[in-house]
file model.txt (compact mmCIF, C-alpha atoms)
# COMPACT_ATOMS: atom_id res chain seq x y z
CA MET F 1 -23.60 48.19 75.25
CA ALA F 2 -20.22 49.33 76.44
CA GLY F 3 -17.82 46.43 76.91
CA PRO F 4 -15.66 47.15 79.94
CA GLY F 5 -17.45 48.80 82.76
CA LEU F 6 -19.18 47.99 85.94
CA GLY F 7 -18.27 44.33 85.88
CA GLU F 8 -21.60 42.71 85.30
CA ASN F 9 -20.92 39.25 84.03
CA SER F 10 -24.29 38.68 82.50
CA PRO F 11 -26.74 41.06 80.94
CA PRO F 12 -29.09 42.19 83.64
CA SER F 13 -32.75 41.49 83.47
CA VAL F 14 -34.71 44.52 82.44
CA ASP F 15 -38.14 45.35 81.23
CA PRO F 16 -38.49 47.12 77.95
CA PRO F 17 -39.66 50.62 78.81
CA GLY F 18 -43.35 51.14 79.01
CA PRO F 19 -46.29 48.88 79.65
CA GLY F 20 -47.38 45.88 77.65
CA LEU F 21 -45.51 43.04 79.30
CA GLY F 22 -48.59 40.97 79.82
CA GLY F 23 -48.34 38.36 82.53
CA ALA F 24 -44.65 38.94 83.00
CA GLY F 25 -45.30 42.52 84.01
CA ALA F 26 -46.39 41.61 87.50
CA THR F 27 -42.87 40.72 88.51
CA GLY F 28 -41.00 42.65 85.85
CA ALA F 29 -39.80 39.52 84.08
CA GLY F 30 -36.87 40.09 81.75
CA PRO F 31 -34.57 37.83 79.75
CA ASN F 32 -33.00 36.49 82.94
CA GLY F 33 -36.22 36.17 84.85
CA PRO F 34 -37.89 38.70 87.08
CA SER F 35 -36.06 41.61 88.66
CA ILE F 36 -36.02 42.54 92.31
CA ARG F 37 -38.59 45.30 92.78
CA LEU F 38 -36.72 48.44 93.89
CA THR F 39 -38.64 51.41 95.23
CA ALA F 40 -37.60 54.76 96.69
CA LYS F 41 -39.52 55.91 99.77
CA ALA F 42 -39.67 59.29 101.48
CA VAL F 43 -39.31 59.92 105.19
CA VAL F 44 -40.72 63.42 105.73
CA VAL F 45 -40.92 64.49 109.37
CA ARG F 46 -42.43 67.74 110.57
CA ASP F 47 -43.19 68.69 114.17
CA GLY F 48 -42.71 65.13 115.34
CA ALA F 49 -45.04 63.68 112.72
CA LEU F 50 -44.32 61.45 109.72
CA LEU F 51 -45.96 61.83 106.31
CA LEU F 52 -47.84 58.61 105.53
CA VAL F 53 -50.29 57.39 102.92
CA GLU F 54 -53.18 55.24 104.11
CA TYR F 55 -54.49 52.44 101.93
CA ARG F 56 -57.79 50.65 102.35
CA CYS F 57 -58.53 47.78 100.01
CA PRO F 58 -61.56 45.48 99.95
CA GLY F 59 -60.96 42.45 102.16
CA ASP F 60 -58.00 44.14 103.83
CA THR F 61 -57.81 45.83 107.20
CA GLY F 62 -55.92 48.69 105.63
CA HIS F 63 -52.36 49.84 106.14
CA PHE F 64 -50.04 52.84 106.01
CA SER F 65 -47.02 53.29 103.78
CA LEU F 66 -44.33 55.86 103.22
CA PRO F 67 -44.97 57.81 100.02
CA GLY F 68 -42.78 56.85 97.08
CA GLY F 69 -42.42 54.46 94.19
CA ARG F 70 -40.40 53.25 91.26
CA THR F 71 -38.27 54.99 88.68
CA ARG F 72 -39.23 55.61 85.08
CA PRO F 73 -36.59 55.15 82.38
CA GLY F 74 -33.95 57.86 82.66
CA GLU F 75 -35.04 58.92 86.11
CA SER F 76 -32.80 58.73 89.15
CA LEU F 77 -34.12 57.36 92.43
CA ALA F 78 -34.25 60.89 93.86
CA GLU F 79 -36.17 62.27 90.89
CA ALA F 80 -38.62 59.38 90.95
CA LEU F 81 -39.11 59.93 94.66
CA ALA F 82 -39.87 63.65 94.39
CA ARG F 83 -42.35 62.90 91.60
CA LYS F 84 -44.07 60.08 93.48
CA VAL F 85 -44.40 62.12 96.67
CA ARG F 86 -46.01 64.89 94.62
CA GLU F 87 -48.35 62.41 92.89
CA GLU F 88 -49.40 60.71 96.11
CA THR F 89 -49.51 63.62 98.58
CA CYS F 90 -49.37 66.88 96.56
CA LEU F 91 -46.33 67.85 98.63
CA GLU F 92 -43.12 69.18 97.07
CA VAL F 93 -40.03 67.77 98.74
CA ARG F 94 -36.29 68.06 98.51
CA VAL F 95 -34.76 64.59 98.61
CA GLY F 96 -31.97 64.21 101.15
CA PRO F 97 -29.73 61.35 102.23
CA LEU F 98 -30.45 57.65 101.79
CA PHE F 99 -30.33 56.24 105.33
CA LEU F 100 -32.18 52.93 105.50
CA VAL F 101 -32.76 49.95 103.18
CA VAL F 102 -35.48 47.37 103.73
CA GLU F 103 -35.49 43.98 102.01
CA TYR F 104 -38.42 41.57 101.74
CA VAL F 105 -37.74 38.07 100.42
CA PRO F 106 -41.14 36.38 100.01
CA ASP F 107 -40.05 32.79 100.72
CA ARG F 108 -38.30 33.87 103.94
CA HIS F 109 -41.44 35.50 105.26
CA GLY F 110 -44.06 32.93 104.26
CA GLN F 111 -45.10 35.30 101.43
CA VAL F 112 -47.26 37.18 103.95
CA HIS F 113 -46.65 40.44 102.12
CA GLY F 114 -47.11 39.04 98.63
CA PRO F 115 -44.99 37.20 96.10
CA LEU F 116 -42.65 40.04 95.01
CA HIS F 117 -39.04 40.24 96.14
CA ARG F 118 -38.79 43.89 97.15
CA VAL F 119 -36.09 46.29 98.28
CA GLN F 120 -37.07 49.73 99.51
CA LEU F 121 -34.63 52.62 99.79
CA LEU F 122 -35.62 55.18 102.42
CA PHE F 123 -34.49 58.79 101.92
CA ARG F 124 -34.78 61.66 104.38
CA CYS F 125 -36.80 64.35 102.65
CA THR F 126 -37.72 67.91 103.51
CA ALA F 127 -41.00 69.55 102.61
CA LEU F 128 -40.43 72.65 100.50
CA ASP F 129 -41.99 75.83 101.79
CA THR F 130 -44.61 76.25 99.07
CA GLY F 131 -47.57 76.79 101.37
CA GLN F 132 -49.10 73.59 99.99
CA GLU F 133 -50.14 71.18 102.72
CA PRO F 134 -50.18 67.47 101.84
CA ARG F 135 -53.58 66.24 100.70
CA MET F 136 -55.23 63.50 98.68
CA PRO F 137 -54.53 64.01 94.97
CA ASP F 138 -57.40 64.31 92.53
CA THR F 139 -56.33 61.09 90.83
CA HIS F 140 -54.71 58.31 92.80
CA GLU F 141 -54.20 54.56 93.09
CA PRO F 142 -57.48 52.72 93.71
CA GLY F 143 -56.63 51.73 97.28
CA GLN F 144 -55.26 55.08 98.43
CA TYR F 145 -57.58 56.42 101.13
CA ALA F 146 -55.90 59.32 102.91
CA VAL F 147 -52.72 61.29 103.53
CA HIS F 148 -51.66 61.91 107.14
CA TRP F 149 -49.16 63.60 109.35
CA MET F 150 -48.81 60.70 111.80
CA PRO F 151 -47.17 61.44 115.18
CA LEU F 152 -44.02 59.33 115.49
CA THR F 153 -45.27 58.17 118.88
CA GLU F 154 -48.24 56.50 117.12
CA LEU F 155 -46.08 54.40 114.79
CA PRO F 156 -45.92 51.32 117.04
CA ARG F 157 -49.73 51.23 117.08
CA ILE F 158 -50.52 51.48 113.38
CA ARG F 159 -50.16 48.93 110.59
CA LEU F 160 -47.15 50.34 108.80
CA GLN F 161 -45.92 48.41 105.75
CA PRO F 162 -43.13 47.54 105.77
CA ALA F 163 -43.04 47.38 109.57
CA VAL F 164 -40.02 49.64 109.93
CA ALA F 165 -41.23 51.76 112.85
CA GLU F 166 -38.45 50.63 115.16
CA PRO F 167 -35.38 51.00 112.89
CA LEU F 168 -36.91 54.14 111.44
CA CYS F 169 -37.35 55.83 114.81
CA GLU F 170 -33.88 54.69 115.90
CA ALA F 171 -32.34 56.17 112.79
CA LEU F 172 -34.30 59.41 113.17
CA ALA F 173 -33.20 59.74 116.80
CA GLY F 174 -29.56 59.18 115.85
CA PRO F 175 -26.99 61.68 114.65
CA GLY F 176 -28.12 61.49 111.03
CA GLY F 177 -24.95 60.22 109.51
CA ARG F 178 -23.49 59.74 106.10
CA ASP F 179 -25.60 59.59 102.94
CA LEU F 180 -25.54 55.92 101.97
CA LEU F 181 -25.97 56.84 98.33
CA ALA F 182 -22.49 57.34 96.89
CA TRP F 183 -21.19 58.23 93.43
CA MET P 1 -46.78 49.33 85.63
CA ASN P 2 -47.44 53.04 84.81
CA GLY P 3 -44.13 53.38 82.98
CA ALA P 4 -41.99 52.11 85.85
CA GLN P 5 -38.94 50.21 84.76
CA ALA P 6 -36.97 47.39 86.28
CA ILE P 7 -33.60 48.18 87.78
CA SER P 8 -30.80 45.64 87.77
CA VAL P 9 -29.72 44.94 91.34
CA SER P 10 -26.15 43.94 92.12
CA VAL P 11 -24.26 43.28 95.32
CA LYS P 12 -20.59 43.96 95.98
CA ALA P 13 -18.18 43.00 98.74
CA VAL P 14 -15.70 45.23 100.56
CA VAL P 15 -13.50 42.46 101.97
CA ILE P 16 -10.78 43.83 104.23
CA GLU P 17 -7.87 41.86 105.70
CA ASP P 18 -4.71 43.35 107.19
CA ASP P 19 -5.39 46.81 105.70
CA ARG P 20 -5.80 45.31 102.24
CA ILE P 21 -8.92 45.07 100.10
CA LEU P 22 -9.90 42.17 97.83
CA LEU P 23 -10.32 43.29 94.22
CA VAL P 24 -10.94 41.54 90.91
CA GLU P 25 -8.88 42.69 87.93
CA TYR P 26 -10.19 42.89 84.38
CA GLN P 27 -8.07 43.45 81.28
CA TYR P 28 -9.68 44.50 78.06
CA PRO P 29 -7.67 45.67 75.06
CA GLY P 30 -6.29 49.02 76.15
CA ASP P 31 -8.08 49.01 79.46
CA THR P 32 -7.29 47.53 82.84
CA HIS P 33 -9.62 48.14 85.72
CA TYR P 34 -10.77 46.65 88.98
CA ASN P 35 -14.12 45.80 90.51
CA LEU P 36 -15.16 44.85 93.97
CA PRO P 37 -16.07 41.14 93.89
CA GLY P 38 -19.78 40.52 93.49
CA GLY P 39 -22.43 40.66 90.82
CA ARG P 40 -26.08 40.50 89.98
CA ALA P 41 -28.50 39.41 92.69
CA ARG P 42 -31.08 36.82 91.71
CA TYR P 43 -34.74 37.39 92.24
CA GLY P 44 -35.86 35.64 95.44
CA GLU P 45 -32.33 35.38 96.80
CA PRO P 46 -31.57 37.61 99.79
CA LEU P 47 -28.96 40.25 98.94
CA ARG P 48 -26.52 38.92 101.53
CA GLU P 49 -26.76 35.36 100.19
CA ALA P 50 -26.33 36.58 96.63
CA LEU P 51 -23.14 38.29 97.72
CA VAL P 52 -21.69 35.16 99.37
CA ARG P 53 -22.43 33.21 96.17
CA LYS P 54 -20.92 35.79 93.82
CA VAL P 55 -17.73 36.23 95.87
CA ARG P 56 -17.31 32.45 95.88
CA GLU P 57 -17.81 32.28 92.10
CA GLU P 58 -15.32 35.05 91.35
CA THR P 59 -12.63 34.45 93.96
CA GLY P 60 -13.20 31.02 95.55
CA ALA P 61 -13.32 32.72 98.95
CA GLU P 62 -16.01 32.23 101.58
CA VAL P 63 -17.03 35.48 103.21
CA GLU P 64 -19.27 36.55 106.04
CA VAL P 65 -21.38 39.59 105.27
CA ASP P 66 -21.39 42.42 107.77
CA ARG P 67 -23.27 45.70 107.38
CA LEU P 68 -24.35 47.59 104.28
CA LEU P 69 -21.80 50.33 103.65
CA PHE P 70 -23.18 52.34 100.73
CA VAL P 71 -25.32 52.20 97.62
CA VAL P 72 -24.38 53.21 94.09
CA GLU P 73 -26.88 54.20 91.43
CA TYR P 74 -26.22 54.15 87.69
CA VAL P 75 -28.66 55.95 85.40
CA PRO P 76 -27.45 55.32 81.82
CA GLU P 77 -28.78 58.62 80.48
CA ARG P 78 -26.67 60.54 83.03
CA TRP P 79 -23.48 58.85 81.92
CA ASP P 80 -24.05 58.89 78.19
CA TYR P 81 -24.42 55.10 78.45
CA GLU P 82 -20.71 54.80 79.34
CA PHE P 83 -21.28 51.75 81.51
CA GLY P 84 -24.06 50.07 79.55
CA ASP P 85 -27.71 50.48 78.75
CA TYR P 86 -29.20 49.12 81.94
CA GLN P 87 -30.15 51.12 84.99
CA LYS P 88 -28.43 49.62 88.02
CA VAL P 89 -28.33 49.90 91.75
CA GLN P 90 -25.38 48.34 93.50
CA PHE P 91 -25.41 47.46 97.21
CA ASN P 92 -21.95 47.43 98.79
CA PHE P 93 -21.45 45.43 101.99
CA LEU P 94 -18.58 45.18 104.41
CA CYS P 95 -17.38 41.55 104.49
CA ARG P 96 -14.72 39.52 106.21
CA MET P 97 -13.07 36.24 105.30
CA ALA P 98 -14.94 33.33 106.87
CA PRO P 99 -12.91 31.12 109.22
CA GLY P 100 -11.33 28.33 107.20
CA SER P 101 -12.07 29.96 103.86
CA PRO P 102 -9.84 29.02 100.92
CA ARG P 103 -7.47 31.82 99.96
CA PRO P 104 -8.91 33.99 97.20
CA ALA P 105 -7.71 32.93 93.76
CA MET P 106 -8.74 32.93 90.13
CA PRO P 107 -11.62 30.51 89.60
CA GLU P 108 -11.06 27.44 87.44
CA GLU P 109 -14.10 28.20 85.37
CA LEU P 110 -14.20 31.83 84.39
CA ASP P 111 -17.59 33.44 84.14
CA ASP P 112 -15.97 36.46 82.47
CA LYS P 113 -13.01 35.76 80.19
CA TYR P 114 -11.67 39.26 80.80
CA GLN P 115 -11.13 38.54 84.49
CA THR P 116 -7.34 38.37 84.84
CA ALA P 117 -6.56 38.39 88.55
CA VAL P 118 -7.86 38.34 92.10
CA SER P 119 -5.69 40.60 94.25
CA TRP P 120 -5.28 41.93 97.75
CA VAL P 121 -4.54 45.63 97.29
CA PRO P 122 -3.24 47.75 100.18
CA LEU P 123 -5.86 50.33 101.11
CA ASP P 124 -3.35 53.16 100.74
CA GLU P 125 -2.65 52.12 97.12
CA MET P 126 -6.27 52.16 95.99
CA GLU P 127 -6.06 55.68 94.59
CA GLN P 128 -3.45 54.49 92.08
CA LEU P 129 -5.73 52.05 90.26
CA VAL P 130 -8.98 52.32 88.35
CA LEU P 131 -11.79 50.92 90.46
CA LEU P 132 -15.16 50.91 88.70
CA PRO P 133 -17.51 52.31 89.68
CA LYS P 134 -15.27 54.99 91.21
CA VAL P 135 -16.13 54.23 94.79
CA THR P 136 -12.73 54.47 96.48
CA PRO P 137 -13.74 57.64 98.40
CA ALA P 138 -17.05 56.03 99.39
CA ILE P 139 -15.25 52.95 100.68
CA LYS P 140 -12.83 55.05 102.73
CA ALA P 141 -15.59 57.22 104.15
CA ALA P 142 -17.62 54.17 105.12
CA LEU P 143 -14.67 52.37 106.69
CA ALA P 144 -13.81 55.44 108.74
CA GLU P 145 -17.28 55.40 110.28
CA ASP P 146 -17.22 53.29 113.39
CA GLY P 147 -20.09 51.49 115.03
CA ARG P 148 -22.91 52.49 112.72
CA ALA P 149 -25.92 50.19 112.92
CA ASP P 150 -26.55 48.09 109.82
CA PRO P 151 -28.81 50.23 107.63
CA LEU P 152 -30.18 47.13 105.86
CA VAL P 153 -33.30 45.83 107.57
CA ASP P 154 -34.64 42.46 106.46
CA ARG P 155 -37.86 42.47 108.43
CA TRP P 156 -41.03 43.62 106.76
call {"tool": "encode", "arguments": {"input": "model.txt", "output": "structure tokens"}}
result
Amino acid sequence: MAGPGLGENSPPSVDPPGPGLGGAGATGAGPNGPSIRLTAKAVVVRDGALLLVEYRCPGDTGHFSLPGGRTRPGESLAEALARKVREETCLEVRVGPLFLVVEYVPDRHGQVHGPLHRVQLLFRCTALDTGQEPRMPDTHEPGQYAVHWMPLTELPRIRLQPAVAEPLCEALAGPGGRDLLAW
Amino acid sequence: MNGAQAISVSVKAVVIEDDRILLVEYQYPGDTHYNLPGGRARYGEPLREALVRKVREETGAEVEVDRLLFVVEYVPERWDYEFGDYQKVQFNFLCRMAPGSPRPAMPEELDDKYQTAVSWVPLDEMEQLVLLPKVTPAIKAALAEDGRADPLVDRW
């Protein structure tokens, strides 16, 4: 550990790399308790349609999410995002600016979306011209059902989680703006 | 978990008053640098509330949190572990002094014994001191941007 630096007063809570945390793994419990669950998410728009992953789980009405996920040790948010988009949709993307952040605090929302404190970072991404259309991967998460180009005009009518259709469309309609990710 | 790792989340305040910015000074042997006030966010505590708490702990000041200005990512492997072993993401918010707030000052009980001062630094003198992480350009770019909607959404 370097001494002087970024001014953290206490050692942050981290998981040891890799699996095997047992019960604590569900929330990423570390020495100072669980960590806020950070994920990077991709906003890929083509011809007025947004790339979405559809999930259908038993006992659930199903929902749509932006592709993306968490970092592995040594991976930046952008690298993790490109990898997760590839794993979930078979699409190669270039990760662009961070433009929206979504926070979910379970106790402030009646835990309706589960017990994890989550923060999602939304990046504008561009599909690389590889000729590969997005599709379901051969191996995927159990609940993943389909990959879609969803017309932006349909967003208010589908069950998007998190429910960011409004701020997302506002941001997409705007001038673009500065990359929120600095340094 | 499929190899995913936890990232330490911290929140930082860009408190501006009369063209000055509130900074916390740290002196280590042979090294003096500054940080924006703030610190690690607790699990279950909204980022904005974590920021109000941390600014109070470090400076005694009460602040109101405005919009998210920018985000800083630290991947230890990219920096040869210069700033520690833990992967971090730092959320930097524009803040203002709350009406009736005490003036910022050194706290009576120091959380970090290397904290040596709480200072208002003129914005045009920021380039002359070591602010870590090196976000002076990011602060200036964000402050120059007028009327942007808050990019932090806390609905789900």
call {"tool": "atom_distance", "arguments": {"input": "model.txt", "atom1": "atom CA of Arg159 of chain F", "atom2": "atom CA of Glu54 of chain F"}}
result
9.5 Å
call {"tool": "atom_distance", "arguments": {"input": "model.txt", "atom1": "atom CA of Val147 of chain F", "atom2": "atom CA of Gly174 of chain F"}}
result
26.3 Å
call {"tool": "closest_atom_pairs", "arguments": {"input": "model.txt", "of": "chain P", "to": "chain F", "cutoff": "7 Å", "atoms": "all atoms listed in the file", "output": "JSON lines"}}
result
{"residue": "P:Met1", "atom": "CA", "partner": "F:Pro19", "partner_atom": "CA", "distance": 6.0}
{"residue": "P:Asn2", "atom": "CA", "partner": "F:Pro19", "partner_atom": "CA", "distance": 6.7}
{"residue": "P:Gly3", "atom": "CA", "partner": "F:Gly18", "partner_atom": "CA", "distance": 4.6}
{"residue": "P:Ala4", "atom": "CA", "partner": "F:Arg72", "partner_atom": "CA", "distance": 4.5}
{"residue": "P:Gln5", "atom": "CA", "partner": "F:Arg72", "partner_atom": "CA", "distance": 5.4}
{"residue": "P:Ala6", "atom": "CA", "partner": "F:Val14", "partner_atom": "CA", "distance": 5.3}
{"residue": "P:Ile7", "atom": "CA", "partner": "F:Val14", "partner_atom": "CA", "distance": 6.6}
{"residue": "P:Ser8", "atom": "CA", "partner": "F:Pro12", "partner_atom": "CA", "distance": 5.6}
{"residue": "P:Val9", "atom": "CA", "partner": "F:Ile36", "partner_atom": "CA", "distance": 6.8}
{"residue": "P:Tyr28", "atom": "CA", "partner": "F:Pro4", "partner_atom": "CA", "distance": 6.8}
{"residue": "P:Asn35", "atom": "CA", "partner": "F:Gly7", "partner_atom": "CA", "distance": 6.4}
{"residue": "P:Gly39", "atom": "CA", "partner": "F:Glu8", "partner_atom": "CA", "distance": 5.9}
{"residue": "P:Arg40", "atom": "CA", "partner": "F:Glu8", "partner_atom": "CA", "distance": 6.8}
{"residue": "P:Tyr43", "atom": "CA", "partner": "F:Ile36", "partner_atom": "CA", "distance": 5.3}
{"residue": "P:Gly44", "atom": "CA", "partner": "F:His117", "partner_atom": "CA", "distance": 5.6}
{"residue": "P:Pro46", "atom": "CA", "partner": "F:Val105", "partner_atom": "CA", "distance": 6.2}
{"residue": "P:Leu69", "atom": "CA", "partner": "F:Leu180", "partner_atom": "CA", "distance": 6.9}
{"residue": "P:Phe70", "atom": "CA", "partner": "F:Leu180", "partner_atom": "CA", "distance": 4.5}
{"residue": "P:Val71", "atom": "CA", "partner": "F:Leu181", "partner_atom": "CA", "distance": 4.7}
{"residue": "P:Val72", "atom": "CA", "partner": "F:Ala182", "partner_atom": "CA", "distance": 5.3}
{"residue": "P:Val75", "atom": "CA", "partner": "F:Ser76", "partner_atom": "CA", "distance": 6.2}
{"residue": "P:Glu77", "atom": "CA", "partner": "F:Gly74", "partner_atom": "CA", "distance": 5.7}
{"residue": "P:Glu82", "atom": "CA", "partner": "F:Ala2", "partner_atom": "CA", "distance": 6.2}
{"residue": "P:Phe83", "atom": "CA", "partner": "F:Gly5", "partner_atom": "CA", "distance": 5.0}
{"residue": "P:Gly84", "atom": "CA", "partner": "F:Met1", "partner_atom": "CA", "distance": 4.7}
{"residue": "P:Asp85", "atom": "CA", "partner": "F:Met1", "partner_atom": "CA", "distance": 5.9}
{"residue": "P:Asp111", "atom": "CA", "partner": "F:Asn9", "partner_atom": "CA", "distance": 6.7}
{"residue": "P:Asp112", "atom": "CA", "partner": "F:Asn9", "partner_atom": "CA", "distance": 5.9}
{"residue": "P:Leu132", "atom": "CA", "partner": "F:Leu6", "partner_atom": "CA", "distance": 5.7}
{"residue": "P:Pro133", "atom": "CA", "partner": "F:Leu6", "partner_atom": "CA", "distance": 6.0}
{"residue": "P:Val135", "atom": "CA", "partner": "F:Trp183", "partner_atom": "CA", "distance": 6.6}
{"residue": "P:Ala138", "atom": "CA", "partner": "F:Ala182", "partner_atom": "CA", "distance": 6.1}
{"residue": "P:Pro151", "atom": "CA", "partner": "F:Leu100", "partner_atom": "CA", "distance": 4.8}
{"residue": "P:Leu152", "atom": "CA", "partner": "F:Val101", "partner_atom": "CA", "distance": 4.7}
{"residue": "P:Val153", "atom": "CA", "partner": "F:Val102", "partner_atom": "CA", "distance": 4.7}
{"residue": "P:Asp154", "atom": "CA", "partner": "F:Glu103", "partner_atom": "CA", "distance": 4.8}
{"residue": "P:Arg155", "atom": "CA", "partner": "F:Tyr104", "partner_atom": "CA", "distance": 6.8}
{"residue": "P:Trp156", "atom": "CA", "partner": "F:Pro162", "partner_atom": "CA", "distance": 4.6}
call {"tool": "residues_around", "arguments": {"input": "model.txt", "residues": "Gln128 of chain P", "least_positions_apart": "6", "cutoff": "12 Å", "atoms": "only C-alpha atoms", "output": "PDB file with C-alpha atoms, keeping the file's coordinate frame"}}
result
ATOM      1  CA  HIS P  33      -9.620  48.140  85.720  1.00  0.00           C
ATOM      2  CA  TYR P  34     -10.770  46.650  88.980  1.00  0.00           C
ATOM      3  CA  VAL P 121      -4.540  45.630  97.290  1.00  0.00           C
ATOM      4  CA  PRO P 122      -3.240  47.750 100.180  1.00  0.00           C
ATOM      5  CA  LYS P 134     -15.270  54.990  91.210  1.00  0.00           C
ATOM      6  CA  THR P 136     -12.730  54.470  96.480  1.00  0.00           C
TER       7      THR P 136
END
call {"tool": "residues_around", "arguments": {"input": "model.txt", "residues": "segment 49-55 of chain P", "least_positions_apart": "5", "cutoff": "7 Å", "atoms": "only C-alpha atoms", "output": "PDB file with C-alpha atoms, in the frame of the given file"}}
result
ATOM      1  CA  VAL P  11     -24.260  43.280  95.320  1.00  0.00           C
ATOM      2  CA  LYS P  12     -20.590  43.960  95.980  1.00  0.00           C
ATOM      3  CA  ALA P  13     -18.180  43.000  98.740  1.00  0.00           C
ATOM      4  CA  PRO P  37     -16.070  41.140  93.890  1.00  0.00           C
ATOM      5  CA  GLY P  38     -19.780  40.520  93.490  1.00  0.00           C
ATOM      6  CA  GLY P  39     -22.430  40.660  90.820  1.00  0.00           C
ATOM      7  CA  ALA P  41     -28.500  39.410  92.690  1.00  0.00           C
ATOM      8  CA  ARG P  42     -31.080  36.820  91.710  1.00  0.00           C
ATOM      9  CA  GLY P  60     -13.200  31.020  95.550  1.00  0.00           C
ATOM     10  CA  ALA P  61     -13.320  32.720  98.950  1.00  0.00           C
ATOM     11  CA  GLU P  62     -16.010  32.230 101.580  1.00  0.00           C
ATOM     12  CA  VAL P  63     -17.030  35.480 103.210  1.00  0.00           C
TER      13      VAL P  63
END
call {"tool": "atom_distance", "arguments": {"input": "model.txt", "atom1": "atom CA of Pro29 of chain P", "atom2": "atom CA of Glu57 of chain P"}}
result
23.9 Å
call {"tool": "build_atoms", "arguments": {"input": "model.txt", "residues": "segment 78-96 of chain F", "atoms": "N, CA and C atoms", "output": "mmCIF file, in the frame of the given file"}}
result
data_model
loop_
_atom_site.group_PDB
_atom_site.id
_atom_site.type_symbol
_atom_site.label_atom_id
_atom_site.label_comp_id
_atom_site.auth_asym_id
_atom_site.auth_seq_id
_atom_site.Cartn_x
_atom_site.Cartn_y
_atom_site.Cartn_z
ATOM 1 N N ALA F 78 -33.820 59.651 93.208
ATOM 2 C CA ALA F 78 -34.250 60.890 93.860
ATOM 3 C C ALA F 78 -35.329 61.604 93.051
ATOM 4 N N GLU F 79 -35.163 61.620 91.739
ATOM 5 C CA GLU F 79 -36.170 62.270 90.890
ATOM 6 C C GLU F 79 -37.498 61.519 90.942
ATOM 7 N N ALA F 80 -37.400 60.186 90.873
ATOM 8 C CA ALA F 80 -38.620 59.380 90.950
ATOM 9 C C ALA F 80 -39.326 59.636 92.276
ATOM 10 N N LEU F 81 -38.524 59.758 93.331
ATOM 11 C CA LEU F 81 -39.110 59.930 94.660
ATOM 12 C C LEU F 81 -39.842 61.264 94.772
ATOM 13 N N ALA F 82 -39.215 62.337 94.322
ATOM 14 C CA ALA F 82 -39.870 63.650 94.390
ATOM 15 C C ALA F 82 -41.180 63.625 93.591
ATOM 16 N N ARG F 83 -41.150 62.983 92.432
ATOM 17 C CA ARG F 83 -42.350 62.900 91.600
ATOM 18 C C ARG F 83 -43.438 62.078 92.290
ATOM 19 N N LYS F 84 -43.059 60.939 92.858
ATOM 20 C CA LYS F 84 -44.070 60.080 93.480
ATOM 21 C C LYS F 84 -44.673 60.729 94.724
ATOM 22 N N VAL F 85 -43.861 61.433 95.498
ATOM 23 C CA VAL F 85 -44.400 62.120 96.670
ATOM 24 C C VAL F 85 -45.419 63.175 96.228
ATOM 25 N N ARG F 86 -45.090 63.890 95.154
ATOM 26 C CA ARG F 86 -46.010 64.890 94.620
ATOM 27 C C ARG F 86 -47.301 64.213 94.147
ATOM 28 N N GLU F 87 -47.164 63.097 93.432
ATOM 29 C CA GLU F 87 -48.350 62.410 92.890
ATOM 30 C C GLU F 87 -49.242 61.859 93.998
ATOM 31 N N GLU F 88 -48.618 61.382 95.073
ATOM 32 C CA GLU F 88 -49.400 60.710 96.110
ATOM 33 C C GLU F 88 -49.893 61.650 97.208
ATOM 34 N N THR F 89 -49.174 62.768 97.437
ATOM 35 C CA THR F 89 -49.510 63.620 98.580
ATOM 36 C C THR F 89 -49.619 65.100 98.242
ATOM 37 N N CYS F 90 -49.331 65.467 96.995
ATOM 38 C CA CYS F 90 -49.370 66.880 96.560
ATOM 39 C C CYS F 90 -48.310 67.733 97.257
ATOM 40 N N LEU F 91 -47.374 67.108 97.928
ATOM 41 C CA LEU F 91 -46.330 67.850 98.630
ATOM 42 C C LEU F 91 -45.056 67.886 97.783
ATOM 43 N N GLU F 92 -44.409 69.062 97.748
ATOM 44 C CA GLU F 92 -43.120 69.180 97.070
ATOM 45 C C GLU F 92 -42.012 68.951 98.096
ATOM 46 N N VAL F 93 -41.108 68.043 97.790
ATOM 47 C CA VAL F 93 -40.030 67.770 98.740
ATOM 48 C C VAL F 93 -38.667 67.886 98.078
ATOM 49 N N ARG F 94 -37.683 68.181 98.916
ATOM 50 C CA ARG F 94 -36.290 68.060 98.510
ATOM 51 C C ARG F 94 -35.785 66.733 99.060
ATOM 52 N N VAL F 95 -35.205 65.921 98.192
ATOM 53 C CA VAL F 95 -34.760 64.590 98.610
ATOM 54 C C VAL F 95 -33.373 64.694 99.225
ATOM 55 N N GLY F 96 -33.240 64.178 100.429
ATOM 56 C CA GLY F 96 -31.970 64.210 101.150
ATOM 57 C C GLY F 96 -31.297 62.849 101.155
#
